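Some notes on the structure that comes next.
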Amino acid sequence: MQNEAEIFGAVLKAARQEAGLTVEALAERIGVSERYIYRLENNGSTPGYALLYKLIRELAISPDSLFYPEKPAQDSEVDALVRKLATCDGRALAVAKGTIQLLIDTMPKKP
């Protein structure tokens, strides 16, 4: 059975890869060294609260995947999108809203 640090490392690595970020890019975004990200992902290190908060928000990680790993993952794409939108500034939200509206407006009509 995996311990908490191993679970955290696996979740972090998967979320980073899903976000299309390199270790270097993630480290720069949250203000830590690349080596520290590698330690979190691979060596069983765990972050303090401030860094955990930054990682969860930057990568839109569901806290349930960290704190209740035994629960089946029922995270929908909509839930993940909502978490990502919550990290956006006003300009990014306006762009996202416009993009979504355009997608809705151009969807093929159902017969």
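Every chain in the structure tokens has a letter given in the order shown (A, B, ...), and although residue numbers restart at 1 in each chain, ligands are simply numbered from 1 in the order shown.
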Exercise for the section: Please provide the set of residues having any atom within 8 Å of region 24-31 of chain A, restricted to only C-alpha atoms, with same-chain residues fewer than 5 positions apart removed, written as an MDAnalysis selection string. Expected result: chainID A and resid 16 36:37 51 54:55 58
Exercise for the section: Give the helix (DSSP H, G or I) residues of chain A, as assigned by DSSP on the backbone, as a PyMOL selection string. Expected result: chain A and resi 4-18+23-30+34-42+49-59+63-67+77-85+90-105
Fill in the blank from the handout: One residue among A:Ala10, A:Leu66, A:Ala5, A:Ala50 is nearest to Val32 (chain A) when using only C-alpha atoms, and that residue is A:Ala50
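All residues of protein, DNA or RNA that reach within 9 Å of Ala96 (chain A), judged by only C-alpha atoms and not counting those fewer than 5 positions away in the chain, are Leu85, Arg91 and Gln101 of chain A.
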